[in-house]
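Contents: one structure, followed by commentary.
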Number of protein chains: 2
Amino acid sequence: MNGAEALLRTAIDAGIEVCFANPGTTEMPLVAALDTVKGMRSVLGLFEGVCTGAADGYGRMTEKPALTLLHLGPGFANGIANLHNARRARSPIVNLIGDHATWHLAADAPLTSDIASLARPVSGWVRQVASATALANDTAEAIAAAGCSPGQIATLIIPSDCQWDPAPGAAAPKAPPAPPPPSAEAVTRAAALVRAGGRLALFLGGTALRARGLRAAARIAAKTGARLVCETFPARVERGIAPVERLPYFPEQAIEMLSAFDAIVVAGARKPVAFFGYPNLPSELIPDRVKSEVLADPLEDVPAALESLAAEIGAGSDPARRSTPRPERPQGALDPASLGRALAAVLPENAIVMDEAATSGMPFFAAAAGVPHTYLALTGGAIGQGLPCSTGAAIACPGRRVIAFQADGSGMYTVQSLWTMARESLDVTIVVCANRRYRILQLELARAGVTKPGATAQGLTDLHPPVLDWVALAKGMGVPGARAETADELVRSLERSLAESGPSLIEVVL
Amino acid sequence: MNGAEALLRTAIDAGIEVCFANPGTTEMPLVAALDTVKGMRSVLGLFEGVCTGAADGYGRMTEKPALTLLHLGPGFANGIANLHNARRARSPIVNLIGDHATWHLAADAPLTSDIASLARPVSGWVRQVASATALANDTAEAIAAAGCSPGQIATLIIPSDCQWDPAPGAAAPKAPPAPPPPSAEAVTRAAALVRAGGRLALFLGGTALRARGLRAAARIAAKTGARLVCETFPARVERGIAPVERLPYFPEQAIEMLSAFDAIVVAGARKPVAFFGYPNLPSELIPDRVKSEVLADPLEDVPAALESLAAEIGAGSDPARRSTPRPERPQGALDPASLGRALAAVLPENAIVMDEAATSGMPFFAAAAGVPHTYLALTGGAIGQGLPCSTGAAIACPGRRVIAFQADGSGMYTVQSLWTMARESLDVTIVVCANRRYRILQLELARAGVTKPGATAQGLTDLHPPVLDWVALAKGMGVPGARAETADELVRSLERSLAESGPSLIEVVL
């Protein structure tokens, strides 16, 4: 057994099942070991951002880490943007990065670089492997580190000689640390705030938005009349359990929403801050006048904290759900509103929607409130997450339909994902919102007072000319596609795509 | 004038002409300033790796920096792989990275990250801007740092308030430091080695491979009978001036080539090392038995050092060039050899060839020895350089035809470049070598003893199924394309493409 085989044996024994890979020469022993050690599914991405985004989607859906297999500093760097998103989503991921043989590093060969400096900003845990003998134990520790609750990114930098040298064997799995239990003081403080009365909101993030957390939140809401507000870009929300509203993106609107409350209990999130700083607007979004208490930090056992609060205030058992009707199938012109209604009208129950539709996607969340499904958002703001994350979610949940609800500008970042979807025959319906511009940037220019952008600002925020032909791009990677220019065409295309297995793409011309 | 305008004014006054941009919200003041301050050409890339690779190509051809305009840590991270290549090519580049407003950083908003930790591994110079007042001077210093000889990467991290706050005005250009003059001792030592006789090679890299350096090297070769050997992946070689051979990629072959010499004079390069470390092979490629002297380090004035050596040994003036005939237009089956001959047969004089054709491209260099052209290689080994670097070279040299000689696997990394080529109507002929596999990895597996790869190793190194349809991918981004399945078809397609203005793509099925 060599180091690579000991690593894989350790990972498989710890329950790891999938490796999203784009290997190079320094990872060849690991590639060979994927055949000699059975039990790991390997999925090739044609760009590393596909691999890391897929591992994020997989981690969000399974709550356990996948491996990524990446090539030295530059290969890893190509995956950083989606690791940034995964870090903000607190997804569990174990990155395996091959490096030059220990004795070759001093030669400063062309691909040598400071991998640790690149890895630290996106990793909760980083280790440079010292020998083949140490590799199995390092792997077990990386998996345990990634598997903390809710999850984090663990990165192993593995010189190629540590992969090919002989190793004594696999290491036993290590248990990840349990999350801290709810703080009794925090529960008491939050209960006091709730009992003080007034207009109440629960501000929810992280694990508060999964099924158990939301059931407790719904009980608190039923008892107190509280509104449930979630982070603007939550890692994952189970829809159809409780009526959750999203905090608006722009700080003026977020502040306006939060100003309507007298008290806010925060659970599974940090207190909300503006996505960007703007002149004459604050970073913190909860107005000073509004009282707030943090019931549970994202790293604590948030569902347990919400259940403790529900018990403390004498909330009843699961409240009856007021059913929200689906919208009718829209007709006529396409715009973000009719697009959102069309998708909500036909969305299969239990689907997974990965929303990187940016400005075009905003109406969908409210329109689909009544449909039980899983909603994933762009947590870290690093665009190019949607298609990879959809890929990983589909691999995690083979029985469920995934909707990649995708802006065109962001979609181009990791467009290579379409090939992996085709290769793996994933049941993904890709809905590309082709407004042919970086619309959010045009809004930001207007907000900054540039109401009539000059030719350069216009050129840097328009995605045409030339117009991107998404049906051709999809065809180029083996994914069938169609174009929808009216709401009727969109509904028909959606129904056709949802009825078929494998991926298909719909370009929605907005 | 605000900070952004002061930055741009400073850059334009220093002679900077082009900005390769993919901006976001934190760069909006700079985007607006590109309209209010005239004189900077902005080129949009739909992915940051396009921008940084284009800046590399531009820098190699003009020997002066372009700007890149990138969005926070994740946007910058998307550009790191090609900055790694640019660092190895010693290309001059000035990166402008927008960051959150100084007072917003503490809020740890979703897009906050440690940008400096990401920037340091690929930057020779990094500065975090402290105020709008300091920004113009910081810009002048960044440009001077980038403009050192032969060039380096300077990175400015610019909080958005430093862009929008008032600034006193532009800063005067600063002169970059001159390269150190040739070392008289090194010239004496090299001359002694040359005079000692025996089989001699000059091992050339960096600026030794541009016109002035090669003319001096040719004089030395004519006097001494030395062979001229260049780095395996040179940043830029002017072809047709001197008969330069490339050092082979695999260490066994490189060692074999270098073993044929008694003495090697190194100029503009470090002593050659293996691209990767392998069991039982050394890092250093020059055998102990072979005497070697470094005439000039890459950071010194290498052409002057070669001229000094030529004078010291009494070399004559420019030797007559032995003309190497072009190959005939090939017919019949396509393979790397006939592909190389076809391209060399029709290559326009003065063309720029960006070679990221990997294993498919190896025969081209020798086949095109007789055609005066500029040759650019994948210097840092971070694949995905070819299409962006071609884009930048075409913008740098509008009168010259660029050939993007491109492997398919590598081409997918930054395929978004095609859109920028179409938007800017660049005269680029894209030759995609569609062998539909990561052929180099299959060779590496065989070298590691995996002669019959298992299903996983095969799957992780094959680019099919599904087969990539490059003509469709090109169409999706506004580039016309054709497919060639025989050498005759390839020659016809090349001649058609070379006769047309604007980009066109040829998928060469190997």
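By order in the structure tokens, chains are A, B, ...; within a chain, residues start at 1; ligands start at 1, following the order shown.
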Per residue of range 293-394 of chain A within 12 Å of range 161-177 of chain A, note the shortest atom pair and the distance in Å to one decimal, counting only C-alpha atoms, and order the rows by chain and increasing residue number, as a Markdown table.
| residue | atom | partner | partner_atom | distance |
| --- | --- | --- | --- | --- |
| A:Leu299 | CA | A:Pro177 | CA | 11.1 |
| A:Glu300 | CA | A:Pro177 | CA | 11.3 |
| A:Asp301 | CA | A:Pro177 | CA | 11.8 |
Please identify every residue of chain A that has at least one atom no more than 6 Å from any atom of chain B, counting only C-alpha atoms, and report them as a PyMOL selection string.
chain A and resi 31+35+44+47+74+77-78+81+101+104+109-111+114+117-118+121+275+277+283+380-382+413+423+454+456-457+460+466+468-469+472-473+476-478
Check range 230-297 of chain A with DSSP on the backbone and list each residue it calls strand (DSSP E or B), as a ChimeraX atom specification.
/A:230,237-239,244-246,263-267,273,284,291-296
Extract, using only C-alpha atoms, all DNA, RNA and protein residues at most 10 Å from Ala263 in chain A, discarding same-chain residues fewer than 3 positions from it, and format them as a compact mmCIF listing (two decimals) with N, CA, C and O atoms, in the first residue's frame.
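New file selection.txt:
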# COMPACT_ATOMS: atom_id res chain seq x y z
N ALA A 190 -33.16 35.69 24.94
CA ALA A 190 -34.06 35.74 23.79
C ALA A 190 -35.51 35.62 24.23
O ALA A 190 -36.39 36.33 23.72
N LEU A 193 -36.71 38.87 25.51
CA LEU A 193 -36.99 39.80 24.41
C LEU A 193 -38.34 39.48 23.77
O LEU A 193 -39.13 40.37 23.47
N VAL A 194 -38.59 38.18 23.58
CA VAL A 194 -39.85 37.76 22.97
C VAL A 194 -41.03 38.15 23.86
O VAL A 194 -42.06 38.67 23.41
N ALA A 196 -41.25 40.50 25.95
CA ALA A 196 -41.45 41.95 26.09
C ALA A 196 -42.48 42.46 25.08
O ALA A 196 -42.96 43.58 25.18
N GLY A 197 -42.82 41.64 24.12
CA GLY A 197 -43.87 42.01 23.17
C GLY A 197 -43.38 42.95 22.09
O GLY A 197 -42.18 43.13 21.91
N GLY A 198 -44.30 43.50 21.35
CA GLY A 198 -43.94 44.34 20.21
C GLY A 198 -43.82 43.49 18.95
O GLY A 198 -44.05 42.28 18.96
N ARG A 199 -43.44 44.18 17.88
CA ARG A 199 -43.34 43.50 16.58
C ARG A 199 -42.04 42.71 16.54
O ARG A 199 -40.96 43.30 16.65
N LEU A 200 -42.15 41.41 16.37
CA LEU A 200 -41.00 40.51 16.53
C LEU A 200 -40.63 39.85 15.21
O LEU A 200 -41.50 39.47 14.42
N ALA A 201 -39.31 39.69 14.99
CA ALA A 201 -38.82 38.87 13.87
C ALA A 201 -37.80 37.88 14.39
O ALA A 201 -37.06 38.17 15.34
N LEU A 202 -37.79 36.71 13.77
CA LEU A 202 -36.64 35.81 13.93
C LEU A 202 -35.80 35.98 12.68
O LEU A 202 -36.31 35.83 11.56
N ALA A 226 -44.39 36.28 15.42
CA ALA A 226 -43.14 36.74 14.81
C ALA A 226 -43.12 36.45 13.31
O ALA A 226 -43.68 35.44 12.86
N LEU A 258 -36.25 45.84 8.31
CA LEU A 258 -35.93 45.55 9.71
C LEU A 258 -36.43 46.65 10.65
O LEU A 258 -36.65 46.40 11.84
N SER A 259 -36.64 47.85 10.10
CA SER A 259 -37.17 48.95 10.91
C SER A 259 -38.60 48.72 11.34
O SER A 259 -39.10 49.39 12.25
N ALA A 260 -39.26 47.78 10.68
CA ALA A 260 -40.66 47.52 11.01
C ALA A 260 -40.80 46.71 12.31
O ALA A 260 -41.91 46.46 12.76
N VAL A 266 -31.87 36.49 16.64
CA VAL A 266 -31.00 35.99 15.57
C VAL A 266 -30.62 34.55 15.88
O VAL A 266 -30.16 34.25 16.99
N ILE A 286 -29.46 46.21 11.26
CA ILE A 286 -30.50 46.34 12.29
C ILE A 286 -30.39 47.73 12.89
O ILE A 286 -29.34 48.09 13.43
N ARG A 289 -32.50 51.43 17.11
CA ARG A 289 -33.74 51.46 17.86
C ARG A 289 -34.30 50.06 18.12
O ARG A 289 -35.05 49.84 19.08
N VAL A 290 -33.95 49.12 17.23
CA VAL A 290 -34.52 47.77 17.32
C VAL A 290 -33.66 46.91 18.25
O VAL A 290 -32.45 46.80 18.05
N LYS A 291 -34.33 46.33 19.27
CA LYS A 291 -33.59 45.46 20.19
C LYS A 291 -33.30 44.13 19.49
O LYS A 291 -34.15 43.61 18.76
N SER A 292 -32.11 43.57 19.75
CA SER A 292 -31.82 42.27 19.15
C SER A 292 -31.00 41.41 20.10
O SER A 292 -30.25 41.93 20.93
N GLU A 293 -31.19 40.12 19.97
CA GLU A 293 -30.43 39.14 20.77
C GLU A 293 -30.01 38.01 19.84
O GLU A 293 -30.81 37.55 19.01
List as a ChimeraX atom specification the protein and nucleic acid residues near Glu63 in chain A, meaning an atom at most 9 Å away when only C-alpha atoms are counted, but skip any in the same chain fewer than 3 places from it.
/A:58-60,91-92,147,149-151
Top pick for closest residue to Ala218 in chain A, considering A:Leu204, A:Ala235, A:Val94, A:Val37 and counting only C-alpha atoms:
A:Leu204
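Of note, CA of Ala54 in chain A and CA of Ser497 in chain A are spaced 21.6 Å apart.
Of the residues listed (A:Asn95, A:Thr188, A:Thr62, A:Thr10), A:Thr10 shows the shortest atom-to-atom separation from Asn137 in chain A; distances use only C-alpha atoms.
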